[in-house]
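*Asks:* What follows is the file structure_35.txt, containing compact mmCIF, C-alpha atoms:
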# COMPACT_ATOMS: atom_id res chain seq x y z
CA MET N 14 9.69 -181.65 -234.94
CA ALA N 15 6.36 -183.07 -233.79
CA THR N 16 6.97 -181.62 -230.35
CA GLU N 17 7.63 -178.21 -231.86
CA THR N 18 4.43 -178.40 -233.91
CA ASN N 19 2.45 -179.41 -230.84
CA ALA N 20 3.91 -176.55 -228.86
CA ARG N 21 2.93 -174.11 -231.62
CA GLU N 22 -0.60 -175.47 -231.71
CA ILE N 23 -0.93 -175.29 -227.94
CA THR N 24 0.31 -171.70 -227.95
CA ARG N 25 -2.17 -170.77 -230.69
CA ASP N 26 -5.04 -172.41 -228.81
CA LEU N 27 -4.01 -170.65 -225.62
CA ASP N 28 -4.00 -167.32 -227.46
CA VAL N 29 -7.58 -167.90 -228.56
CA GLU N 30 -8.73 -168.96 -225.12
CA MET N 31 -6.80 -166.29 -223.26
CA ASP N 32 -9.32 -163.59 -224.09
CA ALA N 33 -12.15 -165.74 -222.75
CA PHE N 34 -10.29 -166.15 -219.47
CA LEU N 35 -9.48 -162.46 -219.20
CA SER N 36 -12.91 -161.10 -220.06
CA PRO N 37 -15.45 -163.56 -218.63
CA SER N 38 -19.13 -162.76 -218.65
CA GLU N 39 -20.84 -162.31 -215.32
CA ALA N 40 -21.63 -165.49 -213.44
CA GLU N 41 -25.27 -166.47 -213.11
CA GLY N 42 -26.69 -165.07 -209.90
CA THR N 43 -27.96 -167.34 -207.18
CA TYR N 44 -29.61 -166.18 -204.03
CA ARG N 45 -28.81 -166.98 -200.46
CA ASP N 46 -30.86 -169.20 -198.22
CA SER N 47 -31.90 -168.68 -194.63
CA ARG N 48 -28.78 -170.38 -193.29
CA GLU N 49 -26.61 -167.75 -194.96
CA CYS N 50 -28.89 -164.98 -193.69
CA ALA N 51 -28.20 -166.24 -190.20
CA ALA N 52 -24.46 -166.17 -190.90
CA LEU N 53 -24.76 -162.58 -192.14
CA LEU N 54 -26.64 -161.66 -188.98
CA LEU N 55 -23.92 -163.17 -186.82
CA ILE N 56 -20.95 -161.52 -188.50
CA GLY N 57 -22.71 -158.48 -189.89
CA GLY N 58 -22.24 -156.30 -186.83
CA ALA N 59 -22.61 -152.69 -187.90
CA GLY N 60 -22.62 -153.63 -191.58
CA GLY N 61 -26.20 -152.66 -192.22
CA LEU N 62 -26.15 -152.83 -196.00
CA LEU N 63 -25.55 -156.56 -196.18
CA LEU N 64 -28.68 -157.16 -194.14
CA SER N 65 -31.03 -154.80 -195.95
CA PRO N 66 -33.87 -156.25 -198.06
CA PRO N 67 -32.81 -158.35 -201.06
CA THR N 68 -32.55 -156.99 -204.55
CA PRO N 69 -35.75 -157.72 -206.54
CA ARG N 70 -35.33 -160.66 -208.89
CA PRO N 71 -35.93 -160.01 -212.57
CA LYS N 72 -39.35 -161.09 -213.78
CA LYS N 73 -39.37 -164.01 -216.17
CA GLY N 74 -41.20 -163.97 -219.44
CA MET O 1 2.81 -169.56 -206.80
CA VAL O 2 5.52 -167.16 -205.77
CA GLY O 3 8.92 -167.24 -204.17
CA GLY O 4 10.60 -169.45 -206.75
CA THR O 5 7.66 -171.57 -207.86
CA VAL O 6 6.89 -169.35 -210.81
CA GLY O 7 10.40 -169.87 -212.12
CA THR O 8 9.76 -173.59 -212.56
CA LEU O 9 7.13 -172.80 -215.21
CA ALA O 10 9.64 -171.39 -217.67
CA ASP O 11 9.35 -174.23 -220.18
CA ASP O 12 5.72 -175.01 -219.63
CA GLN O 13 3.36 -173.25 -222.06
CA LEU O 14 0.34 -173.99 -219.92
CA GLY O 15 2.12 -172.65 -216.86
CA LEU O 16 3.10 -169.54 -218.78
CA ALA O 17 -0.53 -169.08 -219.80
CA ALA O 18 -1.55 -169.45 -216.16
CA VAL O 19 0.86 -166.67 -215.24
CA ARG O 20 -0.72 -164.50 -217.95
CA VAL O 21 -4.25 -165.21 -216.64
CA LEU O 22 -3.26 -164.33 -213.08
CA GLY O 23 -1.60 -161.23 -214.47
CA ALA O 24 0.06 -158.68 -212.26
CA ASP O 25 -1.06 -160.57 -209.15
CA VAL O 26 1.66 -163.15 -209.75
CA LEU O 27 4.07 -160.61 -208.30
CA LEU O 28 1.61 -159.10 -205.81
CA PRO O 29 3.62 -160.14 -202.72
CA SER O 30 6.62 -158.24 -204.08
CA VAL O 31 4.48 -155.20 -204.86
CA LEU O 32 2.81 -155.13 -201.45
CA THR O 33 6.00 -155.73 -199.48
CA ARG O 34 8.15 -153.60 -201.80
CA ARG O 35 10.69 -156.40 -202.20
CA ARG O 36 12.28 -157.46 -205.45
CA PRO O 37 11.00 -160.81 -206.73
CA LEU O 38 13.36 -163.69 -207.36
CA PRO O 39 15.08 -163.39 -210.76
CA ASP O 40 13.54 -166.63 -212.07
CA ASP O 41 10.04 -165.46 -211.13
CA LEU O 42 10.64 -162.14 -212.80
CA ALA O 43 11.95 -163.83 -215.96
CA VAL O 44 8.86 -166.02 -216.29
CA PHE O 45 6.62 -163.03 -215.66
CA GLN O 46 8.39 -161.13 -218.43
CA ARG O 47 8.08 -164.12 -220.77
CA ALA O 48 4.34 -164.25 -220.14
CA VAL O 49 4.06 -160.53 -220.90
CA LEU O 50 5.88 -160.97 -224.20
CA THR O 51 4.28 -164.29 -225.23
CA PHE O 52 0.69 -163.27 -224.59
CA ALA O 53 0.63 -159.67 -225.72
CA PRO O 54 -2.89 -158.51 -226.67
CA GLY O 55 -3.89 -158.44 -230.31
CA ALA O 56 -6.08 -156.13 -232.36
CA THR O 57 -9.23 -158.05 -231.42
CA SER O 58 -8.48 -158.44 -227.72
CA SER O 59 -11.05 -157.22 -225.21
CA GLU O 60 -10.51 -154.07 -223.16
CA THR O 61 -9.95 -156.09 -220.00
CA THR O 62 -7.32 -158.21 -221.75
CA VAL O 63 -5.50 -155.08 -222.87
CA TRP O 64 -5.70 -153.55 -219.40
CA SER O 65 -4.59 -156.77 -217.74
CA HIS O 66 -1.52 -156.83 -219.97
CA TRP O 67 -0.83 -153.18 -219.25
CA GLY O 68 -1.06 -153.98 -215.54
CA MET O 69 1.69 -156.55 -215.95
CA THR O 70 3.98 -154.12 -217.78
CA GLN O 71 3.26 -151.54 -215.11
CA THR O 72 4.21 -154.05 -212.42
CA LEU O 73 7.53 -154.62 -214.15
CA HIS O 74 7.98 -150.86 -214.21
CA ARG O 75 7.19 -150.63 -210.48
CA LEU O 76 9.73 -153.33 -209.73
CA ASP O 77 12.26 -151.50 -211.85
CA ALA O 78 12.60 -154.31 -214.35
CA PRO O 79 12.83 -153.87 -218.12
CA ALA O 80 9.26 -153.68 -219.40
CA THR O 81 7.67 -153.40 -222.79
CA GLY O 82 6.31 -149.91 -222.44
CA PRO O 83 5.00 -148.67 -219.08
CA GLY O 84 3.39 -145.28 -218.68
CA ALA O 85 0.05 -144.00 -219.87
CA GLY O 86 -2.51 -146.78 -219.94
CA PRO O 87 -5.03 -147.71 -222.63
CA ASP O 88 -8.37 -145.97 -223.03
CA ALA O 89 -10.79 -146.42 -220.12
CA SER O 90 -13.70 -144.29 -221.32
CA TRP O 91 -15.73 -147.46 -221.94
CA LEU O 92 -15.78 -147.98 -218.15
CA GLU O 93 -17.04 -144.51 -217.32
CA ALA O 94 -20.34 -145.00 -219.11
CA LEU O 95 -21.20 -148.31 -217.46
CA GLU O 96 -23.99 -148.61 -214.91
CA TRP O 97 -22.86 -149.70 -211.46
CA PRO O 98 -23.53 -153.46 -211.80
CA LYS O 99 -21.53 -153.71 -215.03
CA LEU O 100 -18.90 -151.34 -213.73
CA THR O 101 -18.38 -153.56 -210.70
CA HIS O 102 -18.18 -156.68 -212.86
CA GLN O 103 -15.51 -155.14 -215.10
CA LEU O 104 -13.57 -153.67 -212.18
CA SER O 105 -13.62 -157.04 -210.48
CA ILE O 106 -12.06 -158.67 -213.54
CA LEU O 107 -9.35 -156.01 -213.31
CA ALA O 108 -8.86 -156.33 -209.54
CA ALA O 109 -5.15 -156.98 -210.08
CA LEU O 110 -4.89 -153.25 -210.84
CA ALA O 111 -6.16 -152.44 -207.34
CA VAL O 112 -2.92 -151.88 -205.47
CA PRO O 113 -1.87 -149.04 -203.17
CA GLY O 114 -0.82 -146.00 -205.11
CA ALA O 115 -2.31 -147.35 -208.32
CA ASP O 116 -2.08 -144.75 -211.02
CA SER O 117 -4.26 -145.74 -213.94
CA ALA O 118 -7.40 -144.55 -215.66
CA VAL O 119 -9.19 -147.65 -214.37
CA ALA O 120 -8.21 -146.77 -210.79
CA GLN O 121 -9.42 -143.23 -211.41
CA VAL O 122 -12.84 -144.47 -212.53
CA ALA O 123 -13.09 -146.59 -209.37
CA ALA O 124 -11.97 -143.65 -207.21
CA ASP O 125 -14.65 -141.45 -208.78
CA ARG O 126 -17.45 -143.92 -208.00
CA PRO O 127 -16.94 -145.40 -204.50
CA VAL O 128 -20.67 -145.64 -203.76
CA ASP O 129 -21.34 -147.45 -207.03
CA VAL O 130 -18.57 -149.96 -206.31
CA ALA O 131 -19.96 -150.42 -202.79
CA ARG O 132 -23.40 -151.13 -204.24
CA GLY O 133 -21.80 -153.56 -206.66
CA PHE O 134 -20.04 -155.32 -203.77
CA VAL O 135 -23.35 -155.82 -201.97
CA ARG O 136 -25.02 -157.01 -205.16
CA ALA O 137 -22.26 -159.54 -205.78
CA VAL O 138 -22.58 -160.87 -202.23
CA ARG O 139 -26.30 -161.31 -202.66
CA ARG O 140 -25.81 -163.09 -205.96
CA ARG O 141 -23.24 -165.33 -204.26
CA ASP O 142 -20.70 -164.26 -206.85
CA TRP O 143 -17.83 -164.48 -204.41
CA LEU O 144 -15.12 -163.79 -206.96
CA GLN O 145 -16.79 -160.57 -208.10
CA ALA O 146 -17.43 -159.57 -204.48
CA ALA O 147 -13.78 -160.19 -203.58
CA GLY O 148 -12.57 -158.15 -206.56
CA ALA O 149 -14.93 -155.29 -205.73
CA GLY O 150 -13.88 -155.48 -202.08
CA ARG O 151 -10.27 -155.18 -203.14
CA TRP O 152 -11.05 -152.03 -205.13
CA LEU O 153 -12.92 -150.62 -202.11
CA SER O 154 -9.76 -151.13 -200.05
CA VAL O 155 -7.76 -148.75 -202.24
CA ILE O 156 -10.27 -145.94 -202.76
CA ASP O 157 -11.62 -143.22 -200.50
CA GLY O 158 -15.23 -142.34 -199.84
CA VAL O 159 -16.49 -145.88 -199.17
CA PRO O 160 -19.65 -145.66 -196.99
CA GLU O 161 -18.95 -146.71 -193.40
CA THR O 162 -22.36 -148.40 -193.32
CA LEU O 163 -21.10 -150.96 -195.84
CA GLY O 164 -19.17 -152.81 -193.15
CA LEU O 165 -16.38 -153.71 -195.58
CA ASP O 166 -14.23 -155.60 -193.09
CA THR O 167 -17.03 -157.93 -192.03
CA GLY O 168 -18.16 -158.19 -195.64
CA LEU O 169 -14.70 -159.36 -196.69
CA GLU O 170 -14.69 -161.92 -193.89
CA PHE O 171 -18.06 -163.19 -195.00
CA VAL O 172 -16.96 -163.50 -198.63
CA ALA O 173 -13.84 -165.44 -197.60
CA GLN O 174 -15.90 -167.72 -195.40
CA MET O 175 -18.53 -168.44 -198.04
CA ALA O 176 -16.06 -168.94 -200.89
CA GLY O 177 -14.30 -171.72 -199.03
CA ALA O 178 -11.15 -172.87 -200.81
CA ASP O 179 -11.46 -170.71 -203.94
CA ALA O 180 -7.88 -169.48 -204.29
CA ARG O 181 -8.75 -166.47 -206.47
CA VAL O 182 -11.27 -165.22 -203.92
CA GLY O 183 -8.73 -165.81 -201.16
CA LEU O 184 -6.12 -163.83 -203.07
CA HIS O 185 -8.35 -160.76 -203.47
CA VAL O 186 -9.68 -160.90 -199.93
CA HIS O 187 -6.23 -161.25 -198.41
CA ALA O 188 -4.91 -158.46 -200.62
CA ALA O 189 -7.78 -156.20 -199.53
CA GLN O 190 -7.28 -157.03 -195.87
CA HIS O 191 -3.53 -156.46 -196.13
CA ILE O 192 -4.04 -153.11 -197.86
CA ARG O 193 -6.61 -152.00 -195.29
CA ALA O 194 -4.39 -153.01 -192.39
CA GLU O 195 -1.44 -151.14 -193.85
CA SER O 196 -3.61 -148.06 -194.49
CA ALA O 197 -4.74 -148.11 -190.87
CA VAL O 198 -1.13 -148.29 -189.64
CA ASN O 199 -0.13 -145.43 -191.94
CA ALA O 200 -3.07 -143.34 -190.73
CA VAL O 201 -2.05 -143.87 -187.10
CA SER O 202 1.57 -142.97 -187.92
CA ALA O 203 0.50 -139.83 -189.74
CA GLY O 204 -1.74 -138.88 -186.81
CA GLY O 205 1.11 -139.40 -184.35
CA ARG O 206 3.35 -137.07 -186.32
CA GLY O 207 0.67 -134.40 -186.65
Would you give me this structure, written as structure tokens?
*Replies:*
Amino acid sequence: MATETNAREITRDLDVEMDAFLSPSEAEGTYRDSRECAALLLIGGAGGLLLSPPTPRPKKG
Amino acid sequence: MVGGTVGTLADDQLGLAAVRVLGADVLLPSVLTRRRPLPDDLAVFQRAVLTFAPGATSSETTVWSHWGMTQTLHRLDAPATGPGAGPDASWLEALEWPKLTHQLSILAALAVPGADSAVAQVAADRPVDVARGFVRAVRRRDWLQAAGAGRWLSVIDGVPETLGLDTGLEFVAQMAGADARVGLHVHAAQHIRAESAVNAVSAGGRG
């Protein structure tokens, strides 16, 4: 009986959390360092877009 | 988690929930290789579809993810809970390219060859926007979003050649390291692109 109750509670909790898993907000952006720029340069080849100037960061305040 | 492993999750609520979170991608190998999944895998997939059906307050992506699973059952010719016309996707059409890419990436499981959904249609209508979103995600080091966007770019036409999608996908895989979800999307995209190239050569040879 206790096992059945636990299973019901787990299922209910999973229902609630399922939506959070399936519609996550966008991850916080972080920006690459010079080491990664070098990696892009090495494997970039003809992929010009990945090497174009970085997107402007939003101004704070 | 395929080829019999899924079937072992039948009595595990957490495992069933994991199947629901992965969504249609649980059976992606069967979809891409056009082979029927093992019966136990299919049964667990169906249980996840029925157990975690979306409710009235579920988000659009949750509803679409669930629809994608029912559509996968339909593709594999298994009894489903109502394949066919998908939910409303007009909310996607109005989004600016960064948000569009984020939402499409969440729904990357719908990006399969021959996908016929309103979400796929929105992606097909905006290849340049998705390409811009891919680059933005790479720059933000959001490897999961980049991988999902890259997967969409592998199934739509009109992607700018200057994007360098193949090298971009390699870069994302390299930077993401052991992230299995990124690996899944990147490998799916690379598989789809390789198959498209083979089909294009075959079609050219016949013509």
*Asks:* Give the answer as one residue: which of O:Ala131, O:Ala53, O:Leu104, O:Ala147 has the shortest atom-to-atom distance to Pro160 (chain O), using only C-alpha atoms?
*Replies:* O:Ala131
*Asks:* Do me a favour and pick out the residues of chain O within 9 Å of chain N, using all atoms listed in the file, as a PyMOL selection string.
*Replies:* chain O and resi 13-14+17+20-22+51-52+54+58-62+65+99+102-103+106-107+132+135-142+145+161-168+170-171+175
*Asks:* Show which residues sit within 7 Å of region 117-125 of chain O, as an MDAnalysis selection string. Count all atoms listed in the file, and ignore same-chain residues fewer than 6 positions away.
*Replies:* chainID O and resid 86 89 93 111 156:157
*Asks:* Work out how far apart CA of Thr72 (chain O) and CA of Asp40 (chain O) are and give it in Å to one decimal.
*Replies:*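 Atom-to-atom, CA of Thr72 (chain O) to CA of Asp40 (chain O), that is 15.7 Å.
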*Asks:* Please determine, counting only C-alpha atoms, which residue among O:Val31, O:Ala180, O:Ala43, O:Leu76 has the shortest atom-to-atom distance to Gly114 (chain O).
*Replies:*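 Smallest distance to Gly114 (chain O) is found for O:Val31.
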*Asks:* Choose the residue, out of O:Leu169, O:Ala149, O:Met69, O:Ala24, that has the smallest atom-to-atom separation from Ser105 (chain O); count all atoms listed in the file.
*Replies:*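 Between O:Leu169, O:Ala149, O:Met69, O:Ala24, the residue approaching Ser105 (chain O) most closely is O:Ala149.
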*Asks:* How far is it from CA of Gly23 (chain O) to CA of Gln71 (chain O), in Å with one decimal?
*Replies:* 10.9 Å
*Asks:* I'd like the neighbourhood of His185 (chain O) as a compact mmCIF listing (two decimals) with C-alpha atoms, in the frame of the given file, where a residue qualifies if any of its atoms comes within 9 Å (using all atoms listed in the file), though same-chain residues fewer than 3 positions away should be ignored.
*Replies:*
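Saved the output as out_36.txt:
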# COMPACT_ATOMS: atom_id res chain seq x y z
CA ALA O 108 -8.86 -156.33 -209.54
CA ALA O 109 -5.15 -156.98 -210.08
CA LEU O 144 -15.12 -163.79 -206.96
CA ALA O 147 -13.78 -160.19 -203.58
CA GLY O 148 -12.57 -158.15 -206.56
CA ALA O 149 -14.93 -155.29 -205.73
CA GLY O 150 -13.88 -155.48 -202.08
CA ARG O 151 -10.27 -155.18 -203.14
CA ALA O 180 -7.88 -169.48 -204.29
CA ARG O 181 -8.75 -166.47 -206.47
CA VAL O 182 -11.27 -165.22 -203.92
CA ALA O 188 -4.91 -158.46 -200.62
CA ALA O 189 -7.78 -156.20 -199.53
CA GLN O 190 -7.28 -157.03 -195.87
*Asks:* Would you compute the distance between CA of Leu16 (chain O) and CA of Gly55 (chain O)? Give it in Å to one decimal.
*Replies:*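 A separation of 17.5 Å between them.
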